[in-house]
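Just below is one structure, and these are the notes that go with it.
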2 protein chains.
Amino acid sequence: MLQVLSLDDAKDKLLTFAQKKFVFSERVPLFSCCGRSLAQDIYSEEDLPAFDRSAVDGFAVASGDTFGASAAQPSLLRLTGEVKMGERARAPVESGTCATVWTGGEIPHGADAMVMLEEAEHLGGMVAVEHATAPGRHVVFHGDDVKKGQLLLRAGTCLGAREIGLLAALGITEISVNRRLRVGVLSTGDELIDPAQTPVGGQIRDSNGIMLTLACQETGADAAFFGRVPDDEAVLLAELSRAAGECDLLLLSGGSSAGAKDAAYRCLIKLGEPLFHGIALKPGKPTLAGRIGETIVVGLPGHPAAAYLVFHALVRPLIAALKSETLVERTVRVRLTQAVPSNDGREELLPVCAFGEEAEPVAIKSGLISPLTRANGYIRIPRDTEGLPKGAAVDAILF
Amino acid sequence: MLQVLSLDDAKDKLLTFAQKKFVFSERVPLFSCCGRSLAQDIYSEEDLPAFDRSAVDGFAVASGDTFGASAAQPSLLRLTGEVKMGERARAPVESGTCATVWTGGEIPHGADAMVMLEEAEHLGGMVAVEHATAPGRHVVFHGDDVKKGQLLLRAGTCLGAREIGLLAALGITEISVNRRLRVGVLSTGDELIDPAQTPVGGQIRDSNGIMLTLACQETGADAAFFGRVPDDEAVLLAELSRAAGECDLLLLSGGSSAGAKDAAYRCLIKLGEPLFHGIALKPGKPTLAGRIGETIVVGLPGHPAAAYLVFHALVRPLIAALKSETLVERTVRVRLTQAVPSNDGREELLPVCAFGEEAEPVAIKSGLISPLTRANGYIRIPRDTEGLPKGAAVDAILF
């Protein structure tokens with residue numbers, strides 16, 4: 001028998017194992033990269049902006065020409081022309097002159113500051129400036145945003161709209177991202193039927209299959225539901241073996257009765273190598289893990305809330321590791337609206353509904369699923385805690 | 001000229017207008033509902049669980065039979081059989097007897113509590129119980145999770161894995177969700193080129209087009225990039241008119257120079273009705289909005305950071321409203337690691353990088369894009385605030 005691990009030890013064990021896995025990368029056009037993770041560090045091959053750029057609509061000036069300017073004694077500058085958007089600023093700004101430049105337009109040579117349209121008087125080819133303008137005022141200089149050779153984004157960064165916008169600005173339109181992780185989900189249990197069917201006797205509709213498949217898809221993984229398997233070791237053995245060949249990560253749901261748990265465990269021993277069997281966690285005790293070939297297998301509890309919480313606390317970090325992605329937990333510091341009773345010597349994951357600066361504990365009686373939709377996160381209560389009083393400050397990890 | 005509004009007034013104006021819009025719903029199979037919003041309230045047509053269910057592996061007993069049981073004087077119960085998973089519990093448990101039931105299995109009539117396997121001694125057809133068991137112990141009663149007729153999920157709820165799991169458990173496998181919102185993005189500006197091209201002169205690569213399109217997709221909208229339009233009023237008029245016919249919401253990016261701003265505004269007057277022109281916001285001043293037929297048009301600033309912040313603060317709530325979806329902002333209470341200087345009489349959106357209980361302000365000089373990837377949210381600084389000291393407690397809204 002393998003040892004019962006703490007949640008953190010179980011996670012460490014899985015992540016260590018995941019690091020050994022080779023993950024394929026592929027080159028993908030920028031428009032298809034949202035939600036994917038970078039397979040390589042990205043450095044800029046250019047300066048951004050590529051020219052000194054105006055941040056306002058106004059007049060490009062040599063700041064020295066405006067020193068000492070006042071309402072009584074404005075600097076009078078001759079307007080020599082306009083820099084059209086997208087065009088090169090051809091004529092330099094010489095002392096005593098200025099040029100119209102629009103927001104985003106190029107500042108001509110000789111100019112080092114902008115005077116805003118509304119801060120100057122424009123009369124018959126002359127511009128009157130009534131305030132001194134400091135060098136660099138309203139100018140974004142060449143390379144201010146990004147310098148050539150600068151590290152833009154690290155390997156493992158999950159790409160969203162902002163990161164992709166930055167890459168587009170630098171002309172990086174195809175990038176190497178980690179291959180989408182293939183995840184399979186198998187539900188086990190004689191009592192399970194398809195949600196579209198009507199239960200007879202002690203049958204129940206399999207909600208974990210679809211819930212876990214979609215939860216994996218929400219992480220950006222390429223997840224598929226592989227179906228339901230009865231509590232029959234020979235069938236489970238065949239299905240596990242087949243399913244493991246088709247994915248990088250295989251989630252087993254259910255089999256939370258002692259017999260079924262052992263069946264999955266025995267199958268893991270026969271087909272590969274178990275990593276752990278049981279976690280000192282409430283809920284989540286019957287969680288197990290192992291590998292079949294290069295595929296990691298995680299057996300989750302059959303109770304929907306337990307399955308979802310363990311998915312969030314253990315499988316999500318594993319998926320991120322397998323995708324070589326940096327997982328950023330969304331954690332909120334909140335105060336409990338109610339006291340929480342002491343736990344039973346195991347670390348506890350307590351679902352909460354966090355709102356504003358508070359979080360309300362959501363009690364989930366064993367096997368219930370509806371309370372899960374009233375929670376938006378959970379707190380971790382360490383094993384040595386004798387309950388938490390009302391008002392206790394806790395970190396809620398948001399789903 | 002329309003009045004310059006505050007951010008909240010601009011948002012209210014857009015949301016009020018959005019409420020009038022008719023949004024189509026469609027029936028979709030459960031597996032395709034992730035990220036979609038419910039078009040109707042969902043009530044349960046069944047009790048869940050449909051039978052009294054065991055929460056453990058053990059023996060179903062009549063709790064009265066165990067009263068007074070102790071190690072010295074255990075209750076001895078005759079084991080009459082086993083309830084197999086998924087099957088009906090046929091034989092009732094009569095006084096003095098018990099039946100094996102696995103986790104999730106049906107509790108036979110006559111029994112009202114479970115004794116866990118590990119808390120009983122099983123010897124030759126007899127089970128010795130050494131502790132009294134309370135009625136209801138380890139039992140999930142019929143209807144404990146969901147009662148027939150109960151409101152499960154409200155119209156507007158965004159469906160994730162947990163909500164869909166609940167629907168599956170109740171046999172609701174096809175539901176009415178709001179049609180995906182069609183969003184179009186048009187970039188305007190003579191200086192803009194495709195990110196794959198190399199800029200010449202004062203040209204810059206259009207990063208806002210792809211960034212805003214993907215940001216809309218991240219909200220679950222069906223967003224498409226409609227291309228780039230030069231600062232030519234006749235062309236803009238034609239493109240706006242064509243694009244408005246193809247989407248529910250049209251975002252214009254750029255045109256942040258005074259002339260271009262006015263062009264978009266003039267087009268709105270010609271083609272439909274402007275709603276506002278300018279927001280008292282830093283950054284985001286040149287934001288404008290209006291409608292062309294039933295399509296809402298929002299003109300965002302050309303600066304990437306300004307465009308993204310206004311997208312988040314104004315367009316995201318609008319998209320949620322158009323999808324009849326309840327938008328849940330992710331807000332974190334944090335302390336500033338640095339003082340923030342006073343603002344200039346306008347409300348300010350300040351990007352921050354929130355980590356743990358702290359948030360570091362991310363200064364974004366006008367027109368820069370790279371700092372945006374170092375922020376993970378922003379704070380709102382009201383217009384009447386004279387700066388914020390280091391350590392000030394603020395609410396960061398996470399991207």
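Identifiers for the structure tokens are assigned positionally: chains receive A, B, ... in sequence, residues are indexed from 1 per chain, and ligands are indexed from 1 in the order shown.
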
Applying 10 Å and only C-alpha atoms, which residues near Gly202 of chain B remain after dropping the ones on its own chain fewer than 2 positions away? List them as JSON, numbers by chain.
{"A": [49, 50, 51, 52, 53, 83, 84, 85, 86, 87, 88, 89, 104, 105, 106, 107], "B": [190, 191, 192, 199, 200, 204]}

Output the selection as a PDB file, in the first residue's frame - N, CA and C atoms for each residue.
ATOM      1  N   PRO A  49       8.429  52.728 -29.475  1.00  0.00           N
ATOM      2  CA  PRO A  49       8.175  53.010 -30.886  1.00  0.00           C
ATOM      3  C   PRO A  49       9.483  53.096 -31.679  1.00  0.00           C
ATOM      4  N   ALA A  50       9.332  53.023 -32.985  1.00  0.00           N
ATOM      5  CA  ALA A  50      10.500  53.034 -33.866  1.00  0.00           C
ATOM      6  C   ALA A  50      10.951  54.454 -34.166  1.00  0.00           C
ATOM      7  N   PHE A  51      10.187  55.436 -33.689  1.00  0.00           N
ATOM      8  CA  PHE A  51      10.540  56.844 -33.912  1.00  0.00           C
ATOM      9  C   PHE A  51      10.008  57.647 -32.733  1.00  0.00           C
ATOM     10  N   ASP A  52      10.516  58.881 -32.560  1.00  0.00           N
ATOM     11  CA  ASP A  52       9.999  59.757 -31.509  1.00  0.00           C
ATOM     12  C   ASP A  52       8.576  60.155 -31.900  1.00  0.00           C
ATOM     13  N   ARG A  53       7.628  59.922 -31.011  1.00  0.00           N
ATOM     14  CA  ARG A  53       6.212  59.999 -31.343  1.00  0.00           C
ATOM     15  C   ARG A  53       5.507  61.010 -30.459  1.00  0.00           C
ATOM     16  N   VAL A  83       3.014  67.160 -40.129  1.00  0.00           N
ATOM     17  CA  VAL A  83       3.441  65.769 -40.332  1.00  0.00           C
ATOM     18  C   VAL A  83       2.166  64.940 -40.435  1.00  0.00           C
ATOM     19  N   LYS A  84       1.921  64.387 -41.616  1.00  0.00           N
ATOM     20  CA  LYS A  84       0.691  63.605 -41.804  1.00  0.00           C
ATOM     21  C   LYS A  84       0.843  62.248 -41.118  1.00  0.00           C
ATOM     22  N   MET A  85      -0.270  61.731 -40.616  1.00  0.00           N
ATOM     23  CA  MET A  85      -0.246  60.453 -39.915  1.00  0.00           C
ATOM     24  C   MET A  85       0.320  59.364 -40.817  1.00  0.00           C
ATOM     25  N   GLY A  86       1.249  58.594 -40.271  1.00  0.00           N
ATOM     26  CA  GLY A  86       1.808  57.470 -41.019  1.00  0.00           C
ATOM     27  C   GLY A  86       2.941  57.864 -41.924  1.00  0.00           C
ATOM     28  N   GLU A  87       3.187  59.187 -42.054  1.00  0.00           N
ATOM     29  CA  GLU A  87       4.251  59.614 -42.955  1.00  0.00           C
ATOM     30  C   GLU A  87       5.497  60.026 -42.178  1.00  0.00           C
ATOM     31  N   ARG A  88       6.600  60.035 -42.888  1.00  0.00           N
ATOM     32  CA  ARG A  88       7.868  60.460 -42.323  1.00  0.00           C
ATOM     33  C   ARG A  88       7.841  61.965 -42.098  1.00  0.00           C
ATOM     34  N   ALA A  89       8.419  62.408 -40.956  1.00  0.00           N
ATOM     35  CA  ALA A  89       8.565  63.853 -40.737  1.00  0.00           C
ATOM     36  C   ALA A  89       9.790  64.288 -41.527  1.00  0.00           C
ATOM     37  N   GLY A 104       0.383  60.302 -32.064  1.00  0.00           N
ATOM     38  CA  GLY A 104       0.905  59.102 -32.720  1.00  0.00           C
ATOM     39  C   GLY A 104       1.811  59.425 -33.895  1.00  0.00           C
ATOM     40  N   GLY A 105       1.877  60.694 -34.272  1.00  0.00           N
ATOM     41  CA  GLY A 105       2.692  61.072 -35.416  1.00  0.00           C
ATOM     42  C   GLY A 105       4.161  61.264 -35.054  1.00  0.00           C
ATOM     43  N   GLU A 106       5.025  61.293 -36.081  1.00  0.00           N
ATOM     44  CA  GLU A 106       6.462  61.399 -35.838  1.00  0.00           C
ATOM     45  C   GLU A 106       6.872  62.840 -35.529  1.00  0.00           C
ATOM     46  N   ILE A 107       7.711  63.000 -34.509  1.00  0.00           N
ATOM     47  CA  ILE A 107       8.273  64.301 -34.164  1.00  0.00           C
ATOM     48  C   ILE A 107       9.462  64.560 -35.099  1.00  0.00           C
TER      49      ILE A 107
ATOM     50  N   ASP B 190      -4.746  56.454 -40.582  1.00  0.00           N
ATOM     51  CA  ASP B 190      -3.888  56.365 -41.767  1.00  0.00           C
ATOM     52  C   ASP B 190      -2.553  55.706 -41.470  1.00  0.00           C
ATOM     53  N   GLU B 191      -2.114  55.802 -40.210  1.00  0.00           N
ATOM     54  CA  GLU B 191      -0.777  55.329 -39.860  1.00  0.00           C
ATOM     55  C   GLU B 191      -0.722  53.822 -39.606  1.00  0.00           C
ATOM     56  N   LEU B 192      -1.874  53.174 -39.557  1.00  0.00           N
ATOM     57  CA  LEU B 192      -1.901  51.764 -39.143  1.00  0.00           C
ATOM     58  C   LEU B 192      -1.607  50.800 -40.277  1.00  0.00           C
ATOM     59  N   PRO B 199       6.831  48.548 -40.794  1.00  0.00           N
ATOM     60  CA  PRO B 199       6.459  49.957 -40.893  1.00  0.00           C
ATOM     61  C   PRO B 199       7.474  50.765 -41.704  1.00  0.00           C
ATOM     62  N   VAL B 200       6.974  51.728 -42.404  1.00  0.00           N
ATOM     63  CA  VAL B 200       7.797  52.669 -43.151  1.00  0.00           C
ATOM     64  C   VAL B 200       7.418  54.053 -42.637  1.00  0.00           C
ATOM     65  N   ILE B 204       2.652  52.664 -37.910  1.00  0.00           N
ATOM     66  CA  ILE B 204       2.771  51.752 -36.774  1.00  0.00           C
ATOM     67  C   ILE B 204       1.869  50.545 -37.001  1.00  0.00           C
TER      68      ILE B 204
END

Identify every residue of chain B that has at least one atom within 6 Å of any atom of chain A, counting only C-alpha atoms, and report the result as a PyMOL selection string.
chain B and resi 85-88+102-103+106+145+161-163+165+168-169+171+190-191+195-196+201-203+205+207+211+214-215+257+332+368+373

Write the residues of the selection above to a file with C-alpha atoms, as a PDB file, in the first residue's frame.
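Output contents, as saved in result.pdb:
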ATOM      1  CA  MET B  85     -24.737  -0.084  -6.719  1.00  0.00           C
ATOM      2  CA  GLY B  86     -27.400   1.228  -9.074  1.00  0.00           C
ATOM      3  CA  GLU B  87     -30.002  -1.281  -7.928  1.00  0.00           C
ATOM      4  CA  ARG B  88     -33.135  -0.858  -5.890  1.00  0.00           C
ATOM      5  CA  TRP B 102     -21.911   1.277  -0.565  1.00  0.00           C
ATOM      6  CA  THR B 103     -21.317   5.007  -0.939  1.00  0.00           C
ATOM      7  CA  GLU B 106     -29.882   3.275  -1.746  1.00  0.00           C
ATOM      8  CA  ASP B 145     -29.782  18.404  -2.618  1.00  0.00           C
ATOM      9  CA  ALA B 161     -18.555  23.403 -15.331  1.00  0.00           C
ATOM     10  CA  ARG B 162     -20.299  23.431 -11.932  1.00  0.00           C
ATOM     11  CA  GLU B 163     -23.617  24.774 -13.175  1.00  0.00           C
ATOM     12  CA  GLY B 165     -22.795  19.474 -13.720  1.00  0.00           C
ATOM     13  CA  ALA B 168     -26.709  17.101 -15.902  1.00  0.00           C
ATOM     14  CA  ALA B 169     -27.488  15.613 -12.484  1.00  0.00           C
ATOM     15  CA  GLY B 171     -31.399  15.350 -16.520  1.00  0.00           C
ATOM     16  CA  ASP B 190      -3.888  56.365 -41.767  1.00  0.00           C
ATOM     17  CA  GLU B 191      -0.777  55.329 -39.860  1.00  0.00           C
ATOM     18  CA  PRO B 195       1.152  43.560 -37.769  1.00  0.00           C
ATOM     19  CA  ALA B 196       2.797  41.263 -40.321  1.00  0.00           C
ATOM     20  CA  GLY B 201       8.101  56.282 -42.008  1.00  0.00           C
ATOM     21  CA  GLY B 202       5.571  57.126 -39.314  1.00  0.00           C
ATOM     22  CA  GLN B 203       3.529  53.942 -39.749  1.00  0.00           C
ATOM     23  CA  ARG B 205       1.498  48.209 -36.547  1.00  0.00           C
ATOM     24  CA  SER B 207      -2.125  46.130 -32.215  1.00  0.00           C
ATOM     25  CA  MET B 211      -6.153  42.953 -28.920  1.00  0.00           C
ATOM     26  CA  LEU B 214      -9.461  38.763 -28.631  1.00  0.00           C
ATOM     27  CA  ALA B 215     -10.564  40.642 -25.497  1.00  0.00           C
ATOM     28  CA  SER B 257      -6.419  62.655 -32.987  1.00  0.00           C
ATOM     29  CA  VAL B 332      -9.413  42.235  -4.568  1.00  0.00           C
ATOM     30  CA  LEU B 368       2.895  52.515 -24.433  1.00  0.00           C
ATOM     31  CA  THR B 373       1.318  43.029 -19.753  1.00  0.00           C
TER      32      THR B 373
END

Applying 7 Å and only C-alpha atoms, which residues near Ala306 of chain A remain after dropping the ones on its own chain fewer than 3 positions away? List them as a PDB file with N, CA and C atoms, in the first residue's frame.
ATOM      1  N   PRO A 283     -12.968  17.446   1.664  1.00  0.00           N
ATOM      2  CA  PRO A 283     -13.180  16.125   1.084  1.00  0.00           C
ATOM      3  C   PRO A 283     -12.039  15.779   0.125  1.00  0.00           C
ATOM      4  N   GLY A 284     -11.983  14.564  -0.310  1.00  0.00           N
ATOM      5  CA  GLY A 284     -10.977  14.196  -1.300  1.00  0.00           C
ATOM      6  C   GLY A 284     -10.134  13.008  -0.911  1.00  0.00           C
ATOM      7  N   PRO A 301     -12.550  11.723  -6.414  1.00  0.00           N
ATOM      8  CA  PRO A 301     -13.684  11.185  -5.657  1.00  0.00           C
ATOM      9  C   PRO A 301     -14.962  11.219  -6.497  1.00  0.00           C
ATOM     10  N   HIS A 303     -18.037  11.960  -5.272  1.00  0.00           N
ATOM     11  CA  HIS A 303     -18.917  13.049  -4.863  1.00  0.00           C
ATOM     12  C   HIS A 303     -18.598  14.286  -5.690  1.00  0.00           C
ATOM     13  N   LEU A 309     -13.551  20.189  -6.086  1.00  0.00           N
ATOM     14  CA  LEU A 309     -12.549  20.836  -5.234  1.00  0.00           C
ATOM     15  C   LEU A 309     -11.163  20.231  -5.460  1.00  0.00           C
ATOM     16  N   VAL A 310     -11.094  18.913  -5.541  1.00  0.00           N
ATOM     17  CA  VAL A 310      -9.788  18.282  -5.771  1.00  0.00           C
ATOM     18  C   VAL A 310      -9.302  18.613  -7.181  1.00  0.00           C
TER      19      VAL A 310
END

So that I can see what lies close to Ser342 of chain A, please list as number ranges by chain the residues with an atom at most 10 Å from it, counting only C-alpha atoms and leaving out residues fewer than 6 positions away in the same chain.
A: 348, 381, 383-389

Those of segment 139-386 of chain B in DSSP strand (DSSP E), formatted as a PyMOL selection string
chain B and resi 139-140+151-153+174-178+182-188+192-193+204-205+222-229+249-254+273-277+281-282+288-292+295-300+331-336+347-355+358-361+377-381

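Here atom CA of Val340 of chain B stands at a distance of 10.0 Å from atom CA of Glu360 of chain B.
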
Got a sec to tell me which of segment 82-167 of chain A DSSP assigns to helix (DSSP H, G or I), as a list of chain:residue names?
A:Leu117, A:Glu118, A:Glu119, A:Ala161, A:Arg162, A:Glu163, A:Ile164, A:Gly165, A:Leu166, A:Leu167

Pick from B:Gly81, B:Gly149, B:Pro361, B:Gly272 nearest to Ala339 of chain B, counting only C-alpha atoms:
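Nearest to Ala339 of chain B: B:Pro361.
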
For Glu246 of chain A, find every residue with an atom within 10 Å (counting only C-alpha atoms), except residues of its own chain fewer than 5 positions away, and show them as a CSV table (one decimal) with N, CA and C atoms, in the first residue's frame.
chain,number,residue,atom,x,y,z
A,182,ARG,N,-4.0,17.1,-24.1
A,182,ARG,CA,-5.1,16.2,-24.4
A,182,ARG,C,-5.5,15.5,-23.1
A,183,VAL,N,-6.7,15.8,-22.6
A,183,VAL,CA,-7.2,15.2,-21.4
A,183,VAL,C,-8.4,14.3,-21.7
A,184,GLY,N,-8.4,13.1,-21.1
A,184,GLY,CA,-9.6,12.3,-21.2
A,184,GLY,C,-10.3,12.1,-19.8
A,226,PHE,N,-14.7,10.3,-22.2
A,226,PHE,CA,-14.4,9.0,-22.8
A,226,PHE,C,-15.5,8.0,-22.5
A,241,SER,N,-6.5,1.2,-20.3
A,241,SER,CA,-5.3,0.9,-21.2
A,241,SER,C,-5.6,1.7,-22.5
A,295,THR,N,1.3,8.6,-19.7
A,295,THR,CA,0.0,9.3,-19.4
A,295,THR,C,-0.2,9.3,-17.8

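Distance-wise, atom CA of Arg154 of chain B and atom CA of Leu38 of chain B end up 7.3 Å apart.
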
Can you tell me, as a PDB file with C-alpha atoms, in the first residue's frame, what residues are no more than 8 Å from Lys11 of chain A when counting only C-alpha atoms, ignoring any on the same chain fewer than 5 positions away?
ATOM      1  CA  LEU A 314      -4.694  19.367  -7.491  1.00  0.00           C
ATOM      2  CA  PRO A 317      -1.916  22.951 -11.080  1.00  0.00           C
ATOM      3  CA  LEU A 318      -1.040  19.642 -12.734  1.00  0.00           C
TER       4      LEU A 318
END

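Straight-line separation from atom CA of Pro29 of chain B to atom CA of Pro230 of chain A: 25.1 Å.
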
Distance query Ala18 of chain B at most 9 Å, only C-alpha atoms, self and fewer than 4 positions along chain excluded, as a PyMOL selection string:
chain B and resi 13-14+22+296+318-319+321-322

Could the residues in this selection be written to a file with C-alpha atoms, as a PDB file, in the first residue's frame?
ATOM      1  CA  LYS B  13     -26.279  55.345 -20.507  1.00  0.00           C
ATOM      2  CA  LEU B  14     -24.944  52.374 -22.478  1.00  0.00           C
ATOM      3  CA  PHE B  22     -33.872  42.209 -28.062  1.00  0.00           C
ATOM      4  CA  ILE B 296     -24.266  49.903 -30.561  1.00  0.00           C
ATOM      5  CA  LEU B 318     -21.935  46.466 -21.920  1.00  0.00           C
ATOM      6  CA  ILE B 319     -21.210  43.065 -23.465  1.00  0.00           C
ATOM      7  CA  ALA B 321     -25.704  43.479 -20.496  1.00  0.00           C
ATOM      8  CA  LEU B 322     -26.191  42.732 -24.195  1.00  0.00           C
TER       9      LEU B 322
END
